[in-house]
Structures are given as C-alpha cells and as structure tokens.
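> Contents of run_21.pdb (PDB, C-alpha atoms and all ligand atoms) are given next:
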```pdb
ATOM      1  CA  MET A  16     -47.042 -65.548  21.034  1.00  0.00           C
ATOM      2  CA  ILE A  17     -46.558 -68.434  23.450  1.00  0.00           C
ATOM      3  CA  GLU A  18     -50.005 -68.857  24.844  1.00  0.00           C
ATOM      4  CA  GLU A  19     -52.412 -71.701  25.073  1.00  0.00           C
ATOM      5  CA  LYS A  20     -55.566 -71.547  27.120  1.00  0.00           C
ATOM      6  CA  GLY A  21     -57.489 -68.291  27.057  1.00  0.00           C
ATOM      7  CA  ILE A  22     -58.130 -66.216  30.156  1.00  0.00           C
ATOM      8  CA  LEU A  23     -61.571 -65.939  31.697  1.00  0.00           C
ATOM      9  CA  PHE A  24     -62.460 -62.367  32.658  1.00  0.00           C
ATOM     10  CA  ILE A  25     -65.452 -61.723  34.864  1.00  0.00           C
ATOM     11  CA  LEU A  26     -66.903 -58.239  35.080  1.00  0.00           C
ATOM     12  CA  SER A  27     -69.321 -57.963  37.951  1.00  0.00           C
ATOM     13  CA  GLY A  28     -70.649 -55.434  40.405  1.00  0.00           C
ATOM     14  CA  PRO A  29     -73.812 -53.903  41.815  1.00  0.00           C
ATOM     15  CA  SER A  30     -77.019 -53.492  39.915  1.00  0.00           C
ATOM     16  CA  GLY A  31     -77.161 -50.256  37.941  1.00  0.00           C
ATOM     17  CA  VAL A  32     -73.418 -49.610  38.106  1.00  0.00           C
ATOM     18  CA  GLY A  33     -73.162 -49.733  34.318  1.00  0.00           C
ATOM     19  CA  LYS A  34     -71.700 -53.192  33.688  1.00  0.00           C
ATOM     20  CA  GLY A  35     -73.632 -53.543  30.448  1.00  0.00           C
ATOM     21  CA  THR A  36     -72.528 -50.150  29.129  1.00  0.00           C
ATOM     22  CA  VAL A  37     -68.877 -50.777  29.982  1.00  0.00           C
ATOM     23  CA  ARG A  38     -69.019 -54.243  28.423  1.00  0.00           C
ATOM     24  CA  LYS A  39     -70.668 -52.952  25.221  1.00  0.00           C
ATOM     25  CA  GLN A  40     -68.139 -50.147  24.817  1.00  0.00           C
ATOM     26  CA  LEU A  41     -65.282 -52.551  25.474  1.00  0.00           C
ATOM     27  CA  PHE A  42     -66.581 -54.873  22.775  1.00  0.00           C
ATOM     28  CA  ASN A  43     -66.823 -52.001  20.320  1.00  0.00           C
ATOM     29  CA  LYS A  44     -63.047 -51.752  20.679  1.00  0.00           C
ATOM     30  CA  LYS A  45     -61.814 -55.227  21.579  1.00  0.00           C
ATOM     31  CA  THR A  46     -62.669 -57.704  18.883  1.00  0.00           C
ATOM     32  CA  ASP A  47     -60.420 -60.524  20.078  1.00  0.00           C
ATOM     33  CA  LEU A  48     -62.436 -61.145  23.251  1.00  0.00           C
ATOM     34  CA  LYS A  49     -65.316 -63.622  23.190  1.00  0.00           C
ATOM     35  CA  TYR A  50     -68.436 -62.480  24.983  1.00  0.00           C
ATOM     36  CA  SER A  51     -70.448 -65.242  26.580  1.00  0.00           C
ATOM     37  CA  ILE A  52     -74.115 -64.514  25.883  1.00  0.00           C
ATOM     38  CA  SER A  53     -76.158 -65.387  28.955  1.00  0.00           C
ATOM     39  CA  MET A  54     -79.438 -67.216  29.274  1.00  0.00           C
ATOM     40  CA  THR A  55     -82.292 -65.526  31.080  1.00  0.00           C
ATOM     41  CA  THR A  56     -85.942 -66.005  31.928  1.00  0.00           C
ATOM     42  CA  ARG A  57     -86.623 -62.276  32.061  1.00  0.00           C
ATOM     43  CA  GLY A  58     -88.687 -60.716  29.295  1.00  0.00           C
ATOM     44  CA  LYS A  59     -87.006 -59.144  26.314  1.00  0.00           C
ATOM     45  CA  ARG A  60     -86.624 -55.355  26.645  1.00  0.00           C
ATOM     46  CA  ARG A  61     -87.313 -53.089  23.712  1.00  0.00           C
ATOM     47  CA  GLY A  62     -84.469 -53.239  21.212  1.00  0.00           C
ATOM     48  CA  GLU A  63     -83.005 -56.477  22.558  1.00  0.00           C
ATOM     49  CA  ILE A  64     -82.398 -59.409  20.237  1.00  0.00           C
ATOM     50  CA  ASP A  65     -82.560 -63.106  21.102  1.00  0.00           C
ATOM     51  CA  GLY A  66     -79.108 -64.625  20.664  1.00  0.00           C
ATOM     52  CA  VAL A  67     -77.388 -61.226  20.785  1.00  0.00           C
ATOM     53  CA  ASP A  68     -78.290 -59.706  24.150  1.00  0.00           C
ATOM     54  CA  TYR A  69     -79.435 -62.925  25.801  1.00  0.00           C
ATOM     55  CA  PHE A  70     -80.842 -66.328  24.967  1.00  0.00           C
ATOM     56  CA  TYR A  71     -84.381 -65.967  26.287  1.00  0.00           C
ATOM     57  CA  LYS A  72     -85.709 -69.098  27.984  1.00  0.00           C
ATOM     58  CA  THR A  73     -88.845 -70.127  29.839  1.00  0.00           C
ATOM     59  CA  LYS A  74     -88.518 -71.029  33.500  1.00  0.00           C
ATOM     60  CA  LYS A  75     -89.018 -74.689  32.603  1.00  0.00           C
ATOM     61  CA  GLU A  76     -86.328 -74.622  29.926  1.00  0.00           C
ATOM     62  CA  PHE A  77     -83.936 -72.873  32.295  1.00  0.00           C
ATOM     63  CA  GLU A  78     -84.529 -75.399  35.069  1.00  0.00           C
ATOM     64  CA  GLN A  79     -83.803 -78.193  32.607  1.00  0.00           C
ATOM     65  CA  LEU A  80     -80.466 -76.565  31.758  1.00  0.00           C
ATOM     66  CA  ILE A  81     -79.648 -76.436  35.472  1.00  0.00           C
ATOM     67  CA  GLU A  82     -80.534 -80.112  35.870  1.00  0.00           C
ATOM     68  CA  GLN A  83     -78.407 -81.102  32.889  1.00  0.00           C
ATOM     69  CA  ASN A  84     -75.468 -79.212  34.392  1.00  0.00           C
ATOM     70  CA  GLN A  85     -75.242 -77.043  31.287  1.00  0.00           C
ATOM     71  CA  LEU A  86     -74.663 -73.824  33.187  1.00  0.00           C
ATOM     72  CA  LEU A  87     -71.295 -72.714  34.493  1.00  0.00           C
ATOM     73  CA  GLU A  88     -73.125 -70.578  37.020  1.00  0.00           C
ATOM     74  CA  TYR A  89     -76.602 -69.250  37.481  1.00  0.00           C
ATOM     75  CA  ALA A  90     -78.416 -66.958  39.848  1.00  0.00           C
ATOM     76  CA  GLN A  91     -81.892 -65.844  40.646  1.00  0.00           C
ATOM     77  CA  TYR A  92     -81.980 -62.112  40.439  1.00  0.00           C
ATOM     78  CA  VAL A  93     -85.124 -60.003  40.999  1.00  0.00           C
ATOM     79  CA  ASN A  94     -87.319 -63.085  40.404  1.00  0.00           C
ATOM     80  CA  ASN A  95     -85.646 -64.211  37.211  1.00  0.00           C
ATOM     81  CA  TYR A  96     -82.956 -66.714  36.372  1.00  0.00           C
ATOM     82  CA  TYR A  97     -79.720 -65.653  34.692  1.00  0.00           C
ATOM     83  CA  GLY A  98     -76.958 -68.076  33.739  1.00  0.00           C
ATOM     84  CA  THR A  99     -73.812 -68.693  31.709  1.00  0.00           C
ATOM     85  CA  PRO A 100     -73.768 -71.576  29.201  1.00  0.00           C
ATOM     86  CA  ARG A 101     -70.908 -73.887  30.183  1.00  0.00           C
ATOM     87  CA  THR A 102     -69.918 -75.382  26.814  1.00  0.00           C
ATOM     88  CA  TYR A 103     -69.296 -72.107  25.017  1.00  0.00           C
ATOM     89  CA  VAL A 104     -66.980 -70.825  27.742  1.00  0.00           C
ATOM     90  CA  GLU A 105     -65.027 -74.067  28.064  1.00  0.00           C
ATOM     91  CA  GLN A 106     -64.625 -74.484  24.308  1.00  0.00           C
ATOM     92  CA  MET A 107     -63.479 -70.918  23.714  1.00  0.00           C
ATOM     93  CA  LEU A 108     -60.936 -71.060  26.555  1.00  0.00           C
ATOM     94  CA  ALA A 109     -59.625 -74.397  25.291  1.00  0.00           C
ATOM     95  CA  LYS A 110     -59.152 -72.872  21.837  1.00  0.00           C
ATOM     96  CA  GLY A 111     -57.055 -70.119  23.393  1.00  0.00           C
ATOM     97  CA  HIS A 112     -59.601 -67.298  23.270  1.00  0.00           C
ATOM     98  CA  ASP A 113     -60.155 -64.944  26.153  1.00  0.00           C
ATOM     99  CA  VAL A 114     -63.737 -65.112  27.365  1.00  0.00           C
ATOM    100  CA  PHE A 115     -65.585 -62.251  28.995  1.00  0.00           C
ATOM    101  CA  LEU A 116     -68.550 -62.639  31.345  1.00  0.00           C
ATOM    102  CA  GLU A 117     -70.698 -59.764  32.533  1.00  0.00           C
ATOM    103  CA  ILE A 118     -72.732 -61.137  35.422  1.00  0.00           C
ATOM    104  CA  GLU A 119     -74.109 -60.247  38.840  1.00  0.00           C
ATOM    105  CA  VAL A 120     -72.187 -61.101  41.991  1.00  0.00           C
ATOM    106  CA  GLN A 121     -73.805 -64.355  43.167  1.00  0.00           C
ATOM    107  CA  GLY A 122     -72.900 -65.864  39.808  1.00  0.00           C
ATOM    108  CA  ALA A 123     -69.387 -64.416  39.931  1.00  0.00           C
ATOM    109  CA  LEU A 124     -68.790 -66.174  43.268  1.00  0.00           C
ATOM    110  CA  GLN A 125     -69.839 -69.488  41.728  1.00  0.00           C
ATOM    111  CA  VAL A 126     -67.445 -68.924  38.823  1.00  0.00           C
ATOM    112  CA  LYS A 127     -64.701 -68.222  41.352  1.00  0.00           C
ATOM    113  CA  GLU A 128     -65.265 -71.680  42.874  1.00  0.00           C
ATOM    114  CA  ASN A 129     -64.989 -73.439  39.510  1.00  0.00           C
ATOM    115  CA  PHE A 130     -62.426 -71.149  37.868  1.00  0.00           C
ATOM    116  CA  PRO A 131     -60.257 -69.672  40.630  1.00  0.00           C
ATOM    117  CA  GLU A 132     -57.722 -68.756  37.932  1.00  0.00           C
ATOM    118  CA  GLY A 133     -60.271 -66.388  36.364  1.00  0.00           C
ATOM    119  CA  VAL A 134     -59.712 -62.639  36.610  1.00  0.00           C
ATOM    120  CA  PHE A 135     -62.429 -61.009  38.694  1.00  0.00           C
ATOM    121  CA  ILE A 136     -63.131 -57.337  38.110  1.00  0.00           C
ATOM    122  CA  PHE A 137     -65.530 -55.449  40.360  1.00  0.00           C
ATOM    123  CA  LEU A 138     -67.169 -52.426  38.794  1.00  0.00           C
ATOM    124  CA  PHE A 139     -67.869 -49.942  41.527  1.00  0.00           C
ATOM    125  CA  PRO A 140     -70.276 -46.973  41.520  1.00  0.00           C
ATOM    126  CA  PRO A 141     -68.831 -43.489  42.242  1.00  0.00           C
ATOM    127  CA  SER A 142     -71.287 -43.389  45.111  1.00  0.00           C
ATOM    128  CA  LEU A 143     -74.404 -45.127  46.274  1.00  0.00           C
ATOM    129  CA  GLU A 144     -76.393 -41.949  45.654  1.00  0.00           C
ATOM    130  CA  GLU A 145     -75.211 -41.861  42.076  1.00  0.00           C
ATOM    131  CA  LEU A 146     -76.190 -45.513  41.772  1.00  0.00           C
ATOM    132  CA  LYS A 147     -79.665 -44.734  43.010  1.00  0.00           C
ATOM    133  CA  ASN A 148     -80.047 -41.835  40.573  1.00  0.00           C
ATOM    134  CA  ARG A 149     -79.024 -44.007  37.682  1.00  0.00           C
ATOM    135  CA  ILE A 150     -81.521 -46.708  38.546  1.00  0.00           C
ATOM    136  CA  VAL A 151     -84.351 -44.239  39.157  1.00  0.00           C
ATOM    137  CA  SER A 152     -83.647 -42.173  36.058  1.00  0.00           C
ATOM    138  CA  ARG A 153     -83.826 -45.282  33.922  1.00  0.00           C
ATOM    139  CA  GLY A 154     -87.546 -44.800  34.456  1.00  0.00           C
ATOM    140  CA  THR A 155     -88.502 -48.212  33.203  1.00  0.00           C
ATOM    141  CA  GLU A 156     -88.869 -49.913  36.569  1.00  0.00           C
ATOM    142  CA  SER A 157     -91.529 -49.743  39.280  1.00  0.00           C
ATOM    143  CA  ASN A 158     -90.653 -48.357  42.743  1.00  0.00           C
ATOM    144  CA  ASP A 159     -90.676 -51.831  44.252  1.00  0.00           C
ATOM    145  CA  LEU A 160     -88.263 -53.040  41.654  1.00  0.00           C
ATOM    146  CA  VAL A 161     -85.954 -50.069  42.257  1.00  0.00           C
ATOM    147  CA  LEU A 162     -85.992 -50.787  46.000  1.00  0.00           C
ATOM    148  CA  ASN A 163     -85.261 -54.445  45.381  1.00  0.00           C
ATOM    149  CA  ARG A 164     -82.350 -53.556  43.157  1.00  0.00           C
ATOM    150  CA  LEU A 165     -80.942 -51.172  45.770  1.00  0.00           C
ATOM    151  CA  LYS A 166     -81.145 -53.840  48.442  1.00  0.00           C
ATOM    152  CA  GLU A 167     -79.282 -56.201  46.129  1.00  0.00           C
ATOM    153  CA  ALA A 168     -76.714 -53.481  45.457  1.00  0.00           C
ATOM    154  CA  ARG A 169     -75.879 -53.039  49.139  1.00  0.00           C
ATOM    155  CA  LYS A 170     -75.286 -56.774  49.546  1.00  0.00           C
ATOM    156  CA  GLU A 171     -73.234 -56.875  46.382  1.00  0.00           C
ATOM    157  CA  ILE A 172     -70.914 -54.077  47.470  1.00  0.00           C
ATOM    158  CA  GLU A 173     -70.080 -56.075  50.575  1.00  0.00           C
ATOM    159  CA  MET A 174     -68.835 -58.831  48.305  1.00  0.00           C
ATOM    160  CA  MET A 175     -65.979 -56.820  46.826  1.00  0.00           C
ATOM    161  CA  ASP A 176     -63.439 -58.905  48.786  1.00  0.00           C
ATOM    162  CA  ALA A 177     -63.658 -61.811  46.373  1.00  0.00           C
ATOM    163  CA  TYR A 178     -62.314 -59.751  43.467  1.00  0.00           C
ATOM    164  CA  ASP A 179     -58.871 -59.154  41.988  1.00  0.00           C
ATOM    165  CA  TYR A 180     -59.502 -55.646  40.665  1.00  0.00           C
ATOM    166  CA  VAL A 181     -61.849 -52.751  41.428  1.00  0.00           C
ATOM    167  CA  VAL A 182     -62.722 -50.269  38.712  1.00  0.00           C
ATOM    168  CA  VAL A 183     -64.773 -47.213  39.619  1.00  0.00           C
ATOM    169  CA  ASN A 184     -67.214 -46.370  36.870  1.00  0.00           C
ATOM    170  CA  ASP A 185     -66.996 -42.597  37.160  1.00  0.00           C
ATOM    171  CA  GLN A 186     -66.812 -42.220  33.392  1.00  0.00           C
ATOM    172  CA  VAL A 187     -67.471 -45.039  30.966  1.00  0.00           C
ATOM    173  CA  ASP A 188     -64.451 -44.454  28.723  1.00  0.00           C
ATOM    174  CA  HIS A 189     -62.140 -44.318  31.751  1.00  0.00           C
ATOM    175  CA  ALA A 190     -63.591 -47.542  33.129  1.00  0.00           C
ATOM    176  CA  VAL A 191     -63.236 -49.238  29.727  1.00  0.00           C
ATOM    177  CA  ALA A 192     -59.603 -48.128  29.463  1.00  0.00           C
ATOM    178  CA  LYS A 193     -58.919 -49.575  32.910  1.00  0.00           C
ATOM    179  CA  VAL A 194     -60.522 -52.891  32.014  1.00  0.00           C
ATOM    180  CA  GLU A 195     -58.419 -52.990  28.831  1.00  0.00           C
ATOM    181  CA  SER A 196     -55.265 -52.409  30.825  1.00  0.00           C
ATOM    182  CA  ILE A 197     -56.219 -55.211  33.231  1.00  0.00           C
ATOM    183  CA  ILE A 198     -56.634 -57.562  30.271  1.00  0.00           C
ATOM    184  CA  GLN A 199     -53.252 -56.541  28.898  1.00  0.00           C
ATOM    185  CA  SER A 200     -51.496 -56.875  32.265  1.00  0.00           C
ATOM    186  CA  GLU A 201     -52.947 -60.316  32.880  1.00  0.00           C
ATOM    187  CA  HIS A 202     -51.382 -61.508  29.638  1.00  0.00           C
ATOM    188  CA  LEU A 203     -47.998 -60.254  30.832  1.00  0.00           C
ATOM    189  CA  LYS A 204     -48.088 -61.983  34.220  1.00  0.00           C
ATOM    190  CA  ARG A 205     -44.925 -63.894  34.983  1.00  0.00           C
ATOM    191  CA  GLU A 206     -46.638 -66.999  36.327  1.00  0.00           C
ATOM    192  CA  ARG A 207     -48.839 -67.408  33.253  1.00  0.00           C
ATOM    193  CA  ILE A 208     -45.942 -66.952  30.859  1.00  0.00           C
ATOM    194  CA  ALA A 209     -43.526 -69.091  32.914  1.00  0.00           C
ATOM    195  CA  LYS A 210     -46.053 -71.937  32.947  1.00  0.00           C
ATOM    196  CA  GLN A 211     -46.279 -71.819  29.182  1.00  0.00           C
ATOM    197  CA  TYR A 212     -42.496 -71.773  28.695  1.00  0.00           C
ATOM    198  CA  LYS A 213     -42.130 -74.690  31.095  1.00  0.00           C
ATOM    199  CA  LYS A 214     -44.668 -76.698  29.157  1.00  0.00           C
ATOM    200  CA  ILE A 215     -42.874 -76.025  25.902  1.00  0.00           C
ATOM    201  CA  LEU A 216     -39.543 -77.117  27.428  1.00  0.00           C
ATOM    202  CA  GLU A 217     -41.119 -80.255  28.891  1.00  0.00           C
ATOM    203  CA  ASP A 218     -42.609 -81.119  25.504  1.00  0.00           C
ATOM    204  CA  GLU A 219     -39.173 -80.640  23.914  1.00  0.00           C
ATOM    205  CA  LEU A 220     -37.557 -83.021  26.414  1.00  0.00           C
ATOM    206  CA  LYS A 221     -40.087 -85.813  25.852  1.00  0.00           C
TER     207      LYS A 221
HETATM  208  P1  LIG B 301     -80.542 -57.140  33.183  1.00  0.00           P
HETATM  209  O1  LIG B 301     -81.874 -57.752  33.485  1.00  0.00           O
HETATM  210  O2  LIG B 301     -80.502 -55.681  33.571  1.00  0.00           O
HETATM  211  O3  LIG B 301     -80.107 -57.391  31.760  1.00  0.00           O
HETATM  212  O4  LIG B 301     -79.463 -57.886  34.076  1.00  0.00           O
HETATM  213  C1  LIG B 301     -79.629 -57.958  35.459  1.00  0.00           C
HETATM  214  C2  LIG B 301     -78.346 -58.469  36.095  1.00  0.00           C
HETATM  215  O5  LIG B 301     -78.076 -59.796  35.693  1.00  0.00           O
HETATM  216  C3  LIG B 301     -77.120 -57.648  35.683  1.00  0.00           C
HETATM  217  O6  LIG B 301     -76.390 -57.385  36.883  1.00  0.00           O
HETATM  218  C4  LIG B 301     -76.362 -58.576  34.777  1.00  0.00           C
HETATM  219  O7  LIG B 301     -74.959 -58.336  34.823  1.00  0.00           O
HETATM  220  C5  LIG B 301     -76.706 -59.896  35.371  1.00  0.00           C
HETATM  221  N1  LIG B 301     -76.503 -61.029  34.463  1.00  0.00           N
HETATM  222  C6  LIG B 301     -76.579 -61.057  33.121  1.00  0.00           C
HETATM  223  N2  LIG B 301     -76.289 -62.261  32.656  1.00  0.00           N
HETATM  224  C7  LIG B 301     -75.990 -63.036  33.734  1.00  0.00           C
HETATM  225  C8  LIG B 301     -75.584 -64.409  33.900  1.00  0.00           C
HETATM  226  O8  LIG B 301     -75.413 -65.177  32.966  1.00  0.00           O
HETATM  227  N3  LIG B 301     -75.375 -64.838  35.169  1.00  0.00           N
HETATM  228  C9  LIG B 301     -75.533 -64.034  36.243  1.00  0.00           C
HETATM  229  N4  LIG B 301     -75.274 -64.562  37.428  1.00  0.00           N
HETATM  230  N5  LIG B 301     -75.907 -62.749  36.119  1.00  0.00           N
HETATM  231  C10 LIG B 301     -76.135 -62.258  34.884  1.00  0.00           C
END
```
Any chance you could put this one into structure tokens?
Ligand code: 5GP


Amino acid sequence: MIEEKGILFILSGPSGVGKGTVRKQLFNKKTDLKYSISMTTRGKRRGEIDGVDYFYKTKKEFEQLIEQNQLLEYAQYVNNYYGTPRTYVEQMLAKGHDVFLEIEVQGALQVKENFPEGVFIFLFPPSLEELKNRIVSRGTESNDLVLNRLKEARKEIEMMDAYDYVVVNDQVDHAVAKVESIIQSEHLKRERIAKQYKKILEDELK
C-alpha cells in the first residue's frame, strides 16, 4: 500500500441527527480508524466514561487549552465548550492513520480552514420533524434546551454547502455503510494516489 499521511474525516451535522450513533456503530466495525476523543465542559451523562466518551474539563481548564493553542477547533454549543485536541490528530495523521472527528458544524468549519484537504461528511436528518421527534423523545432535556437545539439545527442545515458528502440518516446501518464507502473511495482517489507515486519517484531520483 503506497500511502503516507492519513486522511482526516469529519462527520458533522445538526443536533439530534444521530452523529454519535453512526460514529459508534462505524467504530464497532472499522478498527483501523482513529477516533479523536473531544474535550468538553458539559457534565458527564449517565454511562459516560472520562477518556472514552470525552475528556471532561472545567471551563477554566478549557480556556487554558484555547490560550495554549492546543485545540484544533472548538465551539460553544448550548452553553458549553467542545473541542478537538490538536496533538492527537496531527500525530495520528503523520503516522499514516485515518482520523475521524464527530463534531458540530461551527467546529467543522474551523477544521475546514486548517485542513481543507479533510473529507467533510454532513449527516442529514430524514426530515426536520423527525429530528424534532428524536430530540424530544430523548426525554432527558428541558423544553428550553430542546428549543435551543432546534434553533441550532436550522442554522446548521444551512451550512451544508461547506461539505463534500451528504449522508441521510434514515437508517443507522445504511448511513454507516455510506460513510464506509466514502472512506474507501477517498483512499482510491487519483490525486491522492498520484501524489504518493510522484513522491516515491522523486525520492528515487534524488
Ligand atoms: P453532546 O453534548 O450531545 O455529547 O454533543 C453535543 C454536540 O457537540 C454534538 O453535535 C457533538 O457532535 C458535538 N461535539 C462533540 N465533540 C465536539 C468537538 O470536539 N468539537 C465540536 N465543535 N463539537 C463537538
């Protein structure tokens, strides 16, 4: 396999669309992808584990990370910070591993500025109504929070233009299969492969 740097995949999309579920199911199947565990200031939900689901930080700790430029991107989302640790992503890509981010859209746009060569996948709800039902039926959030999330969702949908691929999450296993096929296709892209061959030839001629 003639490949060097890994590919950065970014799965993003509106709140409640099922990014987490798709990502978890994908990782049950794909073991050669590296998931970048995010940092957050939000409280731990039942069943979540520090260092597995997120690295849980205080607001002060998080703001220090921002100041020290240790985050590849970060966003404030429903009154909490969420961010991607820079070093892990850069090191994994440099070692040739594919890295997978599952983040909200403001963060995805920041990643696009720093890593335009990343592959941006927008997970889309079958309908806004369905999205609303999913958020409401989660039952763990207050009405205000649900409304906030819906407002965010509308804005986020308008941001679809920045993405390379759109996957409708009508059924989780279908969405996962589509994401897998995107990953496979990206590895077969002529320009990526040609670049690698060229480098090998240049090294030979040195
Ligand atoms: P939740 O609180 O439900 O776990 O996540 C809320 C939102 O934050 C989800 O849309 C999730 O994808 C997003 N998120 C998780 N980690 C990150 C991150 O590191 N950066 C950004 N920008 N968003 C994140």

> For ligand LIG 301 (chain B), collect every residue having any atom at a distance of at most 10 Å from a ligand atom (counting only C-alpha atoms and all ligand atoms); output as a PDB file with C-alpha atoms, in the coordinates of the input.


```
ATOM      1  CA  LEU A  26     -66.903 -58.239  35.080  1.00  0.00           C
ATOM      2  CA  SER A  27     -69.321 -57.963  37.951  1.00  0.00           C
ATOM      3  CA  GLY A  28     -70.649 -55.434  40.405  1.00  0.00           C
ATOM      4  CA  PRO A  29     -73.812 -53.903  41.815  1.00  0.00           C
ATOM      5  CA  SER A  30     -77.019 -53.492  39.915  1.00  0.00           C
ATOM      6  CA  GLY A  31     -77.161 -50.256  37.941  1.00  0.00           C
ATOM      7  CA  VAL A  32     -73.418 -49.610  38.106  1.00  0.00           C
ATOM      8  CA  GLY A  33     -73.162 -49.733  34.318  1.00  0.00           C
ATOM      9  CA  LYS A  34     -71.700 -53.192  33.688  1.00  0.00           C
ATOM     10  CA  GLY A  35     -73.632 -53.543  30.448  1.00  0.00           C
ATOM     11  CA  ARG A  38     -69.019 -54.243  28.423  1.00  0.00           C
ATOM     12  CA  SER A  51     -70.448 -65.242  26.580  1.00  0.00           C
ATOM     13  CA  ILE A  52     -74.115 -64.514  25.883  1.00  0.00           C
ATOM     14  CA  SER A  53     -76.158 -65.387  28.955  1.00  0.00           C
ATOM     15  CA  MET A  54     -79.438 -67.216  29.274  1.00  0.00           C
ATOM     16  CA  THR A  55     -82.292 -65.526  31.080  1.00  0.00           C
ATOM     17  CA  THR A  56     -85.942 -66.005  31.928  1.00  0.00           C
ATOM     18  CA  ARG A  57     -86.623 -62.276  32.061  1.00  0.00           C
ATOM     19  CA  GLY A  58     -88.687 -60.716  29.295  1.00  0.00           C
ATOM     20  CA  LYS A  59     -87.006 -59.144  26.314  1.00  0.00           C
ATOM     21  CA  ARG A  60     -86.624 -55.355  26.645  1.00  0.00           C
ATOM     22  CA  GLU A  63     -83.005 -56.477  22.558  1.00  0.00           C
ATOM     23  CA  ASP A  68     -78.290 -59.706  24.150  1.00  0.00           C
ATOM     24  CA  TYR A  69     -79.435 -62.925  25.801  1.00  0.00           C
ATOM     25  CA  PHE A  70     -80.842 -66.328  24.967  1.00  0.00           C
ATOM     26  CA  LEU A  86     -74.663 -73.824  33.187  1.00  0.00           C
ATOM     27  CA  LEU A  87     -71.295 -72.714  34.493  1.00  0.00           C
ATOM     28  CA  GLU A  88     -73.125 -70.578  37.020  1.00  0.00           C
ATOM     29  CA  TYR A  89     -76.602 -69.250  37.481  1.00  0.00           C
ATOM     30  CA  ALA A  90     -78.416 -66.958  39.848  1.00  0.00           C
ATOM     31  CA  GLN A  91     -81.892 -65.844  40.646  1.00  0.00           C
ATOM     32  CA  TYR A  92     -81.980 -62.112  40.439  1.00  0.00           C
ATOM     33  CA  VAL A  93     -85.124 -60.003  40.999  1.00  0.00           C
ATOM     34  CA  ASN A  95     -85.646 -64.211  37.211  1.00  0.00           C
ATOM     35  CA  TYR A  96     -82.956 -66.714  36.372  1.00  0.00           C
ATOM     36  CA  TYR A  97     -79.720 -65.653  34.692  1.00  0.00           C
ATOM     37  CA  GLY A  98     -76.958 -68.076  33.739  1.00  0.00           C
ATOM     38  CA  THR A  99     -73.812 -68.693  31.709  1.00  0.00           C
ATOM     39  CA  PRO A 100     -73.768 -71.576  29.201  1.00  0.00           C
ATOM     40  CA  LEU A 116     -68.550 -62.639  31.345  1.00  0.00           C
ATOM     41  CA  GLU A 117     -70.698 -59.764  32.533  1.00  0.00           C
ATOM     42  CA  ILE A 118     -72.732 -61.137  35.422  1.00  0.00           C
ATOM     43  CA  GLU A 119     -74.109 -60.247  38.840  1.00  0.00           C
ATOM     44  CA  VAL A 120     -72.187 -61.101  41.991  1.00  0.00           C
ATOM     45  CA  GLN A 121     -73.805 -64.355  43.167  1.00  0.00           C
ATOM     46  CA  GLY A 122     -72.900 -65.864  39.808  1.00  0.00           C
ATOM     47  CA  ALA A 123     -69.387 -64.416  39.931  1.00  0.00           C
ATOM     48  CA  LEU A 124     -68.790 -66.174  43.268  1.00  0.00           C
ATOM     49  CA  GLN A 125     -69.839 -69.488  41.728  1.00  0.00           C
ATOM     50  CA  VAL A 126     -67.445 -68.924  38.823  1.00  0.00           C
ATOM     51  CA  ARG A 164     -82.350 -53.556  43.157  1.00  0.00           C
ATOM     52  CA  GLU A 167     -79.282 -56.201  46.129  1.00  0.00           C
ATOM     53  CA  ALA A 168     -76.714 -53.481  45.457  1.00  0.00           C
TER      54      ALA A 168
END
```

> Mind giving me the straight-line distance from CA of Gly62 (chain A) to CA of Ser152 (chain A) in Å, one decimal?

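Taking CA of Gly62 (chain A) as the start and CA of Ser152 (chain A) as the end point, the length is 18.5 Å.
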
> CA of Lys214 (chain A) and CA of Glu19 (chain A) are how many Å apart?

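For CA of Lys214 (chain A) relative to CA of Glu19 (chain A), the distance reads 10.1 Å.
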
> If you measure from CA of Ile136 (chain A) to CA of Leu23 (chain A), what distance in Å do you get, rounded to one decimal?

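The value is 10.8 Å.
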
> On this file, the PyMOL selection byres (((chain A and resi 201) around 12) and not hetatm) gives some set of residues; write that set as a PyMOL selection string.

chain A and resi 21-24+113+132-136+179-180+194-200+202-208

> Given 3 Å of margin on each side, can you work out the centre and size in Å (one decimal) of an axis-aligned box holding every listed atom of region 117-134 of chain A, as lines of an AutoDock Vina configuration file?


```
center_x = -65.9
center_y = -66.6
center_z = 37.9
size_x = 22.4
size_y = 19.7
size_z = 16.7
```

> Selection in question (the file shown): the PyMOL selection byres (((chain A and resi 184) around 10) and not hetatm). Which residues does it include, as JSON, numbers by chain?

{"A": [32, 33, 34, 37, 137, 138, 139, 140, 141, 142, 181, 182, 183, 185, 186, 187, 188, 189, 190, 191, 193]}

> Compare A:Leu80, A:Asn158, A:Lys49, A:Lys39 by their minimum atom-to-atom distance to Lys110 (chain A), counting all atoms listed in the file, and give me the closest one.

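The answer is A:Lys49, which sits nearest to Lys110 (chain A).
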
> Looking at A:Glu105, A:Val114, A:Ser157, A:Val151, which one is nearest to Asn129 (chain A), with distances taken over all atoms listed in the file?

A:Glu105

> From the set A:Ala192, A:Tyr178, A:Glu217, A:Ile150, which residue has the shortest atom-to-atom contact distance to Leu165 (chain A), counting only C-alpha atoms?

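The closest residue to Leu165 (chain A) is A:Ile150.
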
> Have a look at A:Asp159, A:Phe42, A:Leu48, A:Ile25 and name the one nearest to Gly111 (chain A); count only C-alpha atoms.

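Of all the options, A:Leu48 lies closest to Gly111 (chain A).
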